[in-house]
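J.: Supplied structure: target_14.cif, mmCIF, C-alpha atoms.
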```
data_run
loop_
_atom_site.label_atom_id
_atom_site.label_comp_id
_atom_site.auth_asym_id
_atom_site.auth_seq_id
_atom_site.Cartn_x
_atom_site.Cartn_y
_atom_site.Cartn_z
CA MET E 1 0.00 0.00 0.00
CA THR E 2 1.30 3.44 -0.92
CA GLY E 3 2.16 5.76 1.93
CA LYS E 4 2.58 8.84 -0.25
CA ARG E 5 0.26 11.58 -1.45
CA TYR E 6 0.92 11.01 -5.15
CA PHE E 7 -1.38 8.39 -6.70
CA PRO E 8 -0.99 8.44 -10.51
CA PRO E 9 -2.66 6.10 -13.05
CA GLU E 10 0.42 3.89 -13.10
CA LEU E 11 -0.02 3.12 -9.43
CA LEU E 12 -3.74 2.57 -9.91
CA SER E 13 -2.93 -0.07 -12.53
CA ILE E 14 -0.89 -2.01 -9.98
CA PHE E 15 -3.77 -1.99 -7.51
CA LEU E 16 -6.24 -3.09 -10.18
CA ALA E 17 -3.99 -5.96 -11.26
CA ASN E 18 -4.02 -7.32 -7.71
CA LEU E 19 -7.77 -7.24 -7.13
CA LYS E 20 -9.57 -10.52 -6.61
CA PRO E 21 -11.75 -11.95 -9.41
CA ALA E 22 -14.83 -11.16 -7.32
CA VAL E 23 -14.32 -7.53 -8.31
CA LYS E 24 -15.62 -6.92 -11.82
CA GLN E 25 -13.48 -4.45 -13.76
CA LEU E 26 -14.68 -2.31 -16.65
CA ILE E 27 -13.25 0.57 -18.66
CA VAL E 28 -16.14 3.00 -18.92
CA GLY E 29 -14.46 5.78 -20.88
CA LYS E 30 -11.30 7.73 -21.55
CA SER E 31 -9.84 11.01 -20.39
CA VAL E 32 -8.93 14.01 -22.53
CA LYS E 33 -5.51 12.44 -23.16
CA GLY E 34 -6.94 9.00 -23.79
CA LEU E 35 -6.20 7.38 -20.45
CA PRO E 36 -8.72 4.72 -19.36
CA ILE E 37 -11.33 5.48 -16.72
CA HIS E 38 -11.96 2.32 -14.70
CA GLN E 39 -15.07 1.22 -12.88
CA LEU E 40 -15.14 -1.57 -10.31
CA GLN E 41 -18.22 -3.51 -9.32
CA LEU E 42 -18.78 -5.87 -6.42
CA GLY E 43 -21.80 -7.13 -4.57
CA SER E 44 -25.11 -8.36 -5.93
CA GLY E 45 -27.65 -6.60 -3.71
CA PRO E 46 -30.61 -4.51 -4.82
CA LEU E 47 -29.37 -1.25 -3.27
CA LYS E 48 -26.93 0.45 -5.62
CA ILE E 49 -24.14 2.71 -4.41
CA LEU E 50 -22.10 4.79 -6.86
CA MET E 51 -18.75 6.11 -5.60
CA TRP E 52 -16.14 8.16 -7.45
CA SER E 53 -12.78 9.55 -6.36
CA GLN E 54 -10.04 11.78 -7.79
CA MET E 55 -12.49 13.94 -9.67
CA HIS E 56 -9.78 16.38 -8.62
CA GLY E 57 -6.54 14.68 -9.56
CA ASN E 58 -4.55 15.98 -6.58
CA GLU E 59 -7.03 14.63 -4.00
CA THR E 60 -5.73 11.12 -3.51
CA THR E 61 -6.60 10.09 0.05
CA THR E 62 -10.08 8.77 -0.69
CA THR E 63 -8.74 6.73 -3.62
CA LYS E 64 -6.34 4.94 -1.32
CA ALA E 65 -9.14 4.44 1.22
CA LEU E 66 -11.18 2.70 -1.49
CA PHE E 67 -8.41 0.13 -1.79
CA ASP E 68 -8.71 -0.46 1.94
CA LEU E 69 -12.47 -0.76 1.60
CA ILE E 70 -12.62 -3.31 -1.22
CA PRO E 71 -10.67 -6.13 0.51
CA TRP E 72 -12.67 -5.49 3.66
CA LEU E 73 -15.94 -5.86 1.76
CA LEU E 74 -14.73 -9.21 0.41
CA GLU E 75 -14.12 -10.65 3.89
CA ALA E 76 -16.59 -13.25 5.11
CA ASP E 77 -17.87 -11.00 7.91
CA GLN E 78 -19.16 -8.54 5.33
CA ALA E 79 -21.01 -11.09 3.19
CA SER E 80 -24.34 -9.59 4.23
CA LEU E 81 -23.27 -6.21 2.85
CA LEU E 82 -22.50 -7.71 -0.55
CA GLN E 83 -25.90 -9.38 -0.53
CA THR E 84 -27.58 -6.07 0.27
CA PHE E 85 -25.60 -3.64 -1.87
CA SER E 86 -24.11 -3.43 -5.32
CA PHE E 87 -21.09 -1.15 -5.28
CA TYR E 88 -20.03 0.75 -8.39
CA ILE E 89 -16.67 2.43 -7.82
CA ILE E 90 -14.79 4.79 -10.13
CA PRO E 91 -11.47 5.10 -8.27
CA GLN E 92 -9.92 7.76 -10.53
CA LEU E 93 -12.33 9.84 -12.59
CA ASN E 94 -9.62 12.31 -13.64
CA PRO E 95 -6.55 10.23 -14.60
CA ASP E 96 -4.87 13.12 -16.47
CA GLY E 97 -5.11 15.32 -13.38
CA ALA E 98 -3.94 12.42 -11.22
CA LYS E 99 -0.85 12.01 -13.40
CA GLU E 100 0.04 15.72 -13.29
CA TYR E 101 -1.20 16.20 -9.70
CA THR E 102 -3.60 18.95 -10.70
CA ARG E 103 -7.10 19.72 -9.50
CA GLU E 104 -8.37 20.22 -13.05
CA ASN E 105 -8.38 17.86 -16.02
CA ALA E 106 -6.05 18.19 -19.02
CA ASN E 107 -8.23 20.97 -20.46
CA GLY E 108 -7.93 22.97 -17.25
CA VAL E 109 -11.56 22.33 -16.29
CA ASP E 110 -12.74 21.66 -12.74
CA LEU E 111 -14.90 18.58 -13.26
CA ASN E 112 -16.89 19.41 -10.15
CA ARG E 113 -18.14 22.56 -11.89
CA ASP E 114 -19.09 20.77 -15.10
CA ALA E 115 -22.25 18.93 -14.05
CA GLN E 116 -24.55 20.93 -16.30
CA ALA E 117 -22.41 21.85 -19.31
CA GLN E 118 -20.61 18.48 -19.41
CA THR E 119 -17.95 19.84 -21.71
CA GLU E 120 -15.40 17.22 -20.65
CA PRO E 121 -15.22 13.50 -21.47
CA GLU E 122 -14.71 12.64 -17.81
CA SER E 123 -17.91 14.49 -16.86
CA LYS E 124 -19.80 12.61 -19.56
CA VAL E 125 -18.48 9.29 -18.24
CA LEU E 126 -19.79 10.01 -14.74
CA SER E 127 -23.13 11.24 -16.06
CA THR E 128 -23.51 8.18 -18.29
CA GLN E 129 -22.77 5.80 -15.42
CA TYR E 130 -25.15 7.67 -13.15
CA GLN E 131 -27.96 7.38 -15.67
CA LYS E 132 -27.16 3.74 -16.34
CA ILE E 133 -26.83 2.64 -12.72
CA GLN E 134 -29.57 4.83 -11.21
CA PRO E 135 -27.91 4.61 -7.78
CA ASP E 136 -29.80 4.65 -4.51
CA PHE E 137 -26.88 6.51 -2.92
CA ALA E 138 -23.97 8.51 -4.36
CA LEU E 139 -20.64 9.20 -2.67
CA ASN E 140 -18.57 12.11 -4.02
CA LEU E 141 -15.06 11.63 -2.63
CA HIS E 142 -12.66 14.55 -2.21
CA GLY E 143 -9.80 15.96 -0.17
CA GLN E 144 -9.45 19.37 1.44
CA ARG E 145 -6.53 21.59 2.30
CA THR E 146 -4.91 22.05 5.70
CA ILE E 147 -6.58 25.46 6.12
CA TYR E 148 -9.87 24.04 7.40
CA GLY E 149 -10.94 23.70 11.00
CA ALA E 150 -13.94 21.87 12.43
CA GLY E 151 -15.59 25.04 13.63
CA ILE E 152 -14.04 28.04 15.37
CA GLN E 153 -13.45 26.08 18.58
CA GLY E 154 -12.51 22.84 16.85
CA ASN E 155 -9.29 21.16 15.82
CA ALA E 156 -8.17 20.68 12.26
CA ALA E 157 -10.95 19.20 10.15
CA SER E 158 -9.65 15.68 9.54
CA LEU E 159 -13.01 14.72 8.07
CA SER E 160 -15.76 16.87 6.64
CA PHE E 161 -19.09 15.90 5.14
CA LEU E 162 -21.84 17.57 3.16
CA ALA E 163 -25.37 16.71 2.16
CA PRO E 164 -25.53 18.95 -0.93
CA ALA E 165 -28.46 21.28 -1.41
CA ALA E 166 -30.95 20.71 -4.23
CA ASP E 167 -31.99 24.35 -4.65
CA SER E 168 -30.89 27.88 -3.79
CA LYS E 169 -33.11 27.89 -0.70
CA ARG E 170 -31.22 24.85 0.60
CA SER E 171 -34.52 23.21 1.39
CA LEU E 172 -34.79 19.80 3.00
CA ALA E 173 -35.69 17.69 -0.01
CA PRO E 174 -36.18 13.96 0.81
CA ALA E 175 -32.89 12.97 -0.86
CA ARG E 176 -31.02 15.57 1.12
CA GLU E 177 -32.64 14.56 4.40
CA HIS E 178 -31.61 10.96 3.76
CA ALA E 179 -28.01 12.04 3.21
CA MET E 180 -28.08 14.23 6.32
CA LYS E 181 -29.22 11.37 8.52
CA ALA E 182 -26.50 9.14 7.11
CA ILE E 183 -23.87 11.80 7.87
CA VAL E 184 -25.16 12.08 11.44
CA ALA E 185 -24.76 8.31 11.77
CA ILE E 186 -21.13 8.54 10.61
CA TYR E 187 -20.49 11.47 12.92
CA ASN E 188 -21.98 9.70 15.93
CA GLU E 189 -19.86 6.63 15.23
CA LEU E 190 -16.56 8.51 14.94
CA ARG E 191 -16.82 11.65 17.06
CA THR E 192 -15.58 10.06 20.29
CA ALA E 193 -12.44 8.72 18.63
CA LEU E 194 -11.93 11.92 16.62
CA PRO E 195 -13.05 14.68 19.00
CA LYS E 196 -13.42 18.16 17.51
CA GLY E 197 -12.01 16.86 14.24
CA ILE E 198 -15.15 16.39 12.11
CA GLY E 199 -16.70 19.26 10.22
CA ARG E 200 -19.66 20.11 8.01
CA TYR E 201 -18.84 21.51 4.59
CA ASP E 202 -20.45 24.69 3.24
CA ASP E 203 -23.82 23.93 1.63
CA HIS E 204 -24.37 26.86 -0.73
CA PHE E 205 -26.18 25.57 -3.79
CA ASN E 206 -24.34 25.37 -7.10
CA PRO E 207 -26.12 23.39 -9.82
CA ASN E 208 -22.81 23.03 -11.66
CA CYS E 209 -21.46 20.87 -8.83
CA VAL E 210 -22.08 17.17 -9.28
CA GLY E 211 -23.36 16.54 -5.75
CA ASP E 212 -25.90 19.33 -6.02
CA ALA E 213 -27.04 18.08 -9.42
CA PHE E 214 -27.45 14.49 -8.21
CA THR E 215 -29.37 15.63 -5.11
CA GLN E 216 -31.56 17.76 -7.34
CA ALA E 217 -32.22 14.65 -9.43
CA GLY E 218 -33.42 12.85 -6.29
CA THR E 219 -30.36 10.80 -5.33
CA PRO E 220 -29.11 11.02 -1.72
CA THR E 221 -25.52 12.18 -2.11
CA ILE E 222 -22.72 12.62 0.42
CA LEU E 223 -19.60 14.69 -0.17
CA PHE E 224 -16.60 13.26 1.70
CA GLU E 225 -13.65 15.58 2.38
CA ALA E 226 -10.40 14.00 3.56
CA GLY E 227 -8.65 16.67 5.62
CA HIS E 228 -5.61 17.09 7.82
CA TYR E 229 -4.69 15.17 10.96
CA PRO E 230 -1.76 16.51 13.05
CA ASN E 231 1.62 15.73 11.42
CA ASP E 232 -0.09 13.58 8.79
CA TYR E 233 0.89 15.34 5.58
CA GLN E 234 0.88 12.05 3.70
CA ARG E 235 -2.74 11.63 4.85
CA GLU E 236 -2.27 8.02 5.95
CA ILE E 237 -4.10 8.57 9.25
CA THR E 238 -6.86 10.47 7.49
CA ARG E 239 -7.07 7.59 5.02
CA LYS E 240 -7.97 5.30 7.91
CA TRP E 241 -10.66 7.72 9.08
CA ILE E 242 -12.17 7.75 5.60
CA PHE E 243 -12.17 3.96 5.61
CA ASN E 244 -13.86 3.96 9.01
CA SER E 245 -16.41 6.43 7.64
CA PHE E 246 -17.23 4.03 4.82
CA LYS E 247 -17.76 1.21 7.27
CA ALA E 248 -19.97 3.31 9.53
CA LEU E 249 -22.07 4.42 6.58
CA PHE E 250 -22.62 1.01 5.03
CA TRP E 251 -23.56 -0.68 8.28
CA TYR E 252 -25.96 2.18 8.99
CA LEU E 253 -27.60 1.78 5.59
CA TYR E 254 -27.66 -2.00 6.01
CA GLN E 255 -29.46 -1.85 9.32
CA THR E 256 -32.95 -0.53 9.91
CA GLU E 257 -31.72 3.05 9.83
CA GLU E 258 -32.73 4.08 13.31
CA GLU E 259 -34.59 7.36 13.27
CA THR E 260 -32.17 10.29 13.31
CA GLU E 261 -33.10 13.91 13.77
CA VAL E 262 -32.09 16.08 10.82
CA ALA E 263 -31.42 18.87 13.31
CA ALA E 264 -28.39 16.90 14.52
CA TYR E 265 -26.78 17.44 11.13
CA PHE E 266 -26.70 21.21 11.64
CA LYS E 267 -25.07 20.74 15.04
CA ILE E 268 -21.97 19.34 13.36
CA PRO E 269 -19.48 22.26 13.38
CA GLU E 270 -19.27 24.03 10.03
CA ASN E 271 -15.86 24.26 8.37
CA THR E 272 -13.85 27.39 9.03
CA LYS E 273 -10.76 28.60 7.16
CA ASN E 274 -8.73 29.44 10.23
CA PHE E 275 -5.63 27.20 10.07
CA VAL E 276 -2.19 27.58 8.55
CA ASP E 277 0.60 25.04 8.48
CA ILE E 278 3.13 26.99 10.56
CA ILE E 279 3.30 30.09 12.71
CA LEU E 280 6.85 31.29 13.34
CA SER E 281 7.57 34.04 15.86
CA PRO E 282 9.11 36.40 16.73
CA VAL E 283 10.73 37.36 13.42
CA ASN E 284 11.76 40.51 11.62
CA ILE E 285 10.25 40.84 8.16
CA GLU E 286 11.24 42.99 5.23
CA ASP E 287 8.27 43.68 2.96
CA GLN E 288 8.78 46.00 -0.03
CA GLY E 289 11.71 47.69 1.66
CA VAL E 290 9.93 48.27 4.98
CA LEU E 291 11.16 46.49 8.11
CA TYR E 292 8.63 45.06 10.59
CA LYS E 293 10.02 43.77 13.90
CA LYS E 294 8.87 40.96 16.20
CA GLN E 295 6.13 39.66 13.95
CA GLN E 296 4.22 36.41 13.78
CA LEU E 297 4.71 34.82 10.38
CA ALA E 298 2.08 32.46 8.94
CA ILE E 299 3.42 29.88 6.51
CA GLN E 300 1.41 27.65 4.20
CA TYR E 301 2.73 24.72 2.19
CA ARG E 302 2.28 24.66 -1.57
CA GLU E 303 2.17 21.12 -2.98
CA GLU E 304 4.28 20.59 -6.09
CA LEU E 305 4.98 17.44 -8.11
CA LYS E 306 8.75 17.01 -8.37
CA ASN E 307 10.49 13.88 -9.64
CA GLY E 308 7.50 11.65 -9.04
CA ALA E 309 6.82 12.82 -5.50
CA ILE E 310 4.99 15.67 -3.79
CA ALA E 311 7.19 18.45 -2.43
CA PHE E 312 5.76 20.66 0.29
CA VAL E 313 7.12 24.13 -0.43
CA PRO E 314 6.81 26.67 2.41
CA THR E 315 5.23 29.92 1.20
CA TYR E 316 4.35 33.22 2.79
CA HIS E 317 0.72 33.43 3.95
CA GLY E 318 0.69 36.55 6.09
CA TYR E 319 2.21 38.26 9.12
CA GLY E 320 1.24 40.52 11.98
CA SER E 321 1.87 41.25 15.63
CA SER E 322 -1.08 39.01 16.63
CA LEU E 323 -2.47 36.69 13.99
CA GLN E 324 -6.05 35.46 14.37
CA LEU E 325 -5.12 32.03 13.09
CA LYS E 326 -4.36 28.58 14.42
CA ALA E 327 -1.35 26.60 13.25
CA HIS E 328 -0.62 22.92 12.88
CA ARG E 329 2.89 23.71 14.08
CA TYR E 330 4.26 26.59 16.17
CA ILE E 331 7.97 27.41 15.99
CA ASP E 332 9.81 29.66 18.43
CA ALA E 333 12.29 31.68 16.37
CA THR E 334 14.14 33.03 19.41
CA ASN E 335 17.01 30.56 19.12
CA LEU E 336 17.16 30.33 15.33
CA ASN E 337 19.74 33.13 15.03
CA LEU E 338 17.87 34.88 12.23
CA ASN E 339 20.19 37.86 11.98
CA GLU E 340 18.76 39.01 8.67
CA PRO E 341 15.08 39.88 8.21
CA LEU E 342 12.99 37.49 6.15
CA VAL E 343 12.44 38.58 2.56
CA PHE E 344 9.61 37.30 0.38
CA LEU E 345 9.82 36.62 -3.34
CA GLN E 346 7.09 37.41 -5.85
CA ASP E 347 5.91 33.79 -5.97
CA GLN E 348 5.39 33.98 -2.16
CA SER E 349 8.28 31.61 -1.47
CA ILE E 350 10.57 32.45 1.44
CA LYS E 351 14.12 33.57 0.62
CA ASN E 352 15.91 31.79 3.43
CA PRO E 353 17.54 28.36 2.83
CA GLU E 354 17.84 27.56 6.54
CA LEU E 355 14.10 28.00 7.09
CA ASN E 356 13.25 25.99 4.00
CA ILE E 357 15.23 23.10 5.47
CA LEU E 358 13.59 23.58 8.86
CA PHE E 359 10.12 23.49 7.32
CA SER E 360 10.73 20.62 4.92
CA ILE E 361 8.53 17.55 4.93
CA ASN E 362 9.68 14.24 3.50
CA SER E 363 7.45 12.97 0.71
#
```
Reformat the file's structure so that it appears as C-alpha cells.

T.:
Amino acid sequence: MTGKRYFPPELLSIFLANLKPAVKQLIVGKSVKGLPIHQLQLGSGPLKILMWSQMHGNETTTTKALFDLIPWLLEADQASLLQTFSFYIIPQLNPDGAKEYTRENANGVDLNRDAQAQTEPESKVLSTQYQKIQPDFALNLHGQRTIYGAGIQGNAASLSFLAPAADSKRSLAPAREHAMKAIVAIYNELRTALPKGIGRYDDHFNPNCVGDAFTQAGTPTILFEAGHYPNDYQREITRKWIFNSFKALFWYLYQTEEETEVAAYFKIPENTKNFVDIILSPVNIEDQGVLYKKQQLAIQYREELKNGAIAFVPTYHGYGSSLQLKAHRYIDATNLNLNEPLVFLQDQSIKNPELNILFSINS
C-alpha cells in the first residue's frame, strides 16, 4: 500500500492488477488524453451505491481508502453487505489530473463545476454511469486543504461531510434529508475517537457541482472531504478515518436506519478557514523595503509534483503582531539566530535556505 500523497494512473494499474476476481473491472471511458477510466463492481444486492474519487486529480486520500475498503468488503464478515448492496466504484475519474497532480483535467476544467455543461469527457463518463446505474446513494469523494478547521473552537478538520443542497433555498428535499441522517450516523460513530475533528462543509447551492445536481435529481448524495490530521501530511491517518467512515455508513444503511433527527446534522461544526501550516515568531520581516520587527509569520505549504513525489514548499501566507489564526505547528524563532530579516519573493516563497530546510517535509 502506498504511503505517499501522489497516486498516478500507473499506481492505480498495480492496484487493479491485484484485485480478486470477485471484483468486476470495466473501462467505462477515456480522459482528454486518452487514459482509461476504470469502474469496479462488487456485490449483488438490490441497493446500488455509486462512488467516485479523484475527480480532482490531486485529491488522492479517498482513492487509497477505497483500496482499503474493497478487501474489507470481500471478507466473510461482510457477506451480508455484498448481498444487500451493489457497489459501483470509479477510483480515478480524472486520470490526467492524477498524473500531473492537478485539481483540473487536461483541459484545465474543474470537473466538479461541469455537471450541467458536461464539456469534458470525464464528466460525460460520470453522467452516463449515473444514468445507467440509477444509484440509490452517491458518494462524491474529495480531499481538502490544511486550512480548514472543524468550527471556530474545533481542531483541524480531519473529516468533513456535506449533504448537498438541491436548490438555492437549501430546502430539506427527501434525498437531502436521507443524506443528512446518514452523515449524522457517521459522525456519531466517529466523534468520540476523533473529537473536535469532524466538520460540516459549506452547503451553498451550485447546480454546476455534481453533488448538487445528483441531489436535485433525487439521489441522496454525500460529499466526503479527507482533511488534515496533526503531522499527517501524507494523509495516511486520514485515510484510515475515511475507511472507518465508509464502514460506519454502510452498516448504517444496512441496518434498519434508526430514526435520526435532521437537526443533529446542523449541530456538526461548520468548516472554518482558520488554520495555517506553521506560525513562526518572533521574526523581523522585510516587505517592499519596509522592516517590521517581532512579527508572527504564517506559513502555508504549496504542494508541487517534483520527480514523481509531492514536495511541500513553504510559502508566505501573512504576518502581523497578533495573527487570528491557528497553526498545525508553532515554531519559536528566538534561538534560530535569524540575523537578517525574512524577505519574500514574488511567488510567495521564502528567501531563506535555513528556514526551507527547517520546514521541509519528507514525501

J.: With the PyMOL selection byres ((chain E and resi 41) around 6) as the selection, what would be picked from this file? Answer as number ranges by chain, please.

T.: E: 23-24, 40, 42, 87-88

J.: List the residues matched by the PyMOL selection byres ((chain E and resi 54-66) around 6) in the displayed structure as a PyMOL selection string, ordered by chain and then by residue number.

T.: chain E and resi 53+67-69+91-94+97-98+101-103+142-143+239+243

J.: As an exercise, work out the distance from atom CA of E:Ala175 to atom CA of E:Thr221 in Å and give it to one decimal place.

T.: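 Distance between the two atoms: 7.5 Å.
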
J.: Can you translate the PyMOL selection byres ((chain E and resi 44) around 12) into the concrete residues it hits in this file, as a PyMOL selection string?

T.: chain E and resi 22-24+41-43+45-49+79-88

J.: Dump C-alpha atoms for the selected residues as a PDB file, keeping the file's coordinate frame?

T.:
```pdb
ATOM      1  CA  ALA E  22     -14.830 -11.160  -7.320  1.00  0.00           C
ATOM      2  CA  VAL E  23     -14.320  -7.530  -8.310  1.00  0.00           C
ATOM      3  CA  LYS E  24     -15.620  -6.920 -11.820  1.00  0.00           C
ATOM      4  CA  GLN E  41     -18.220  -3.510  -9.320  1.00  0.00           C
ATOM      5  CA  LEU E  42     -18.780  -5.870  -6.420  1.00  0.00           C
ATOM      6  CA  GLY E  43     -21.800  -7.130  -4.570  1.00  0.00           C
ATOM      7  CA  GLY E  45     -27.650  -6.600  -3.710  1.00  0.00           C
ATOM      8  CA  PRO E  46     -30.610  -4.510  -4.820  1.00  0.00           C
ATOM      9  CA  LEU E  47     -29.370  -1.250  -3.270  1.00  0.00           C
ATOM     10  CA  LYS E  48     -26.930   0.450  -5.620  1.00  0.00           C
ATOM     11  CA  ILE E  49     -24.140   2.710  -4.410  1.00  0.00           C
ATOM     12  CA  ALA E  79     -21.010 -11.090   3.190  1.00  0.00           C
ATOM     13  CA  SER E  80     -24.340  -9.590   4.230  1.00  0.00           C
ATOM     14  CA  LEU E  81     -23.270  -6.210   2.850  1.00  0.00           C
ATOM     15  CA  LEU E  82     -22.500  -7.710  -0.550  1.00  0.00           C
ATOM     16  CA  GLN E  83     -25.900  -9.380  -0.530  1.00  0.00           C
ATOM     17  CA  THR E  84     -27.580  -6.070   0.270  1.00  0.00           C
ATOM     18  CA  PHE E  85     -25.600  -3.640  -1.870  1.00  0.00           C
ATOM     19  CA  SER E  86     -24.110  -3.430  -5.320  1.00  0.00           C
ATOM     20  CA  PHE E  87     -21.090  -1.150  -5.280  1.00  0.00           C
ATOM     21  CA  TYR E  88     -20.030   0.750  -8.390  1.00  0.00           C
TER      22      TYR E  88
END
```

J.: Could you give me, as a tab-separated table, a per-residue list for stretch 247-357 of chain E showing, wherever an atom lies at most 9 Å from an atom of stretch 224-238 of chain E, the closest pair of atoms and their distance in Å to one decimal, using only C-alpha atoms and sorting by chain then residue number from low to high?

T.:
```
residue	atom	partner	partner_atom	distance
E:Phe312	CA	E:Tyr233	CA	8.9
E:His328	CA	E:Pro230	CA	6.5
E:Arg329	CA	E:Asn231	CA	8.5
```

J.: Between atom CA of E:Gln129 and atom CA of E:Leu73, what is the spacing in Å?

T.: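 Atom CA of E:Gln129 lies 21.9 Å from atom CA of E:Leu73.
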
J.: List every protein, DNA or RNA residue that has an atom no more than 12 Å from (-10.0, -5.9, -19.5) in the file's coordinate frame, counting only C-alpha atoms, and report them as a PyMOL selection string.

T.: chain E and resi 13+16-17+21+24-28+36-40

J.: With distances taken over all atoms listed in the file, which residue among E:Ser321, E:Asn107, E:Ser245, E:Thr315 lies nearest E:Lys294?

T.: E:Ser321

J.: Excluding same-chain residues fewer than 4 positions from E:Leu297, what lies within 9 Å of it counting all atoms listed in the file, as a count of residues only?

T.: 14

J.: Mind pulling up the distance from atom CA of E:Ala309 to atom CA of E:Lys4?

T.: 7.8 Å

J.: Calculated over all atoms listed in the file, which of the candidates E:Tyr301, E:Asn208, E:Ala193, E:Ile133 has the smallest distance to E:Asp167?

T.: E:Asn208

J.: Using all atoms listed in the file, can you tell me which of E:Arg145, E:Ala182, E:Asp136, E:Glu10 comes closest to E:Val262?

T.: E:Ala182

J.: Would you compute, for all listed atoms of stretch 121-126 of chain E, the axis-aligned bounding box grown by 6 Å on each side, and then report its centre and edge lengths in Å rounded to one decimal, as lines of an AutoDock Vina configuration file?

T.:
```
center_x = -17.3
center_y = 11.9
center_z = -18.1
size_x = 17.1
size_y = 17.2
size_z = 18.7
```
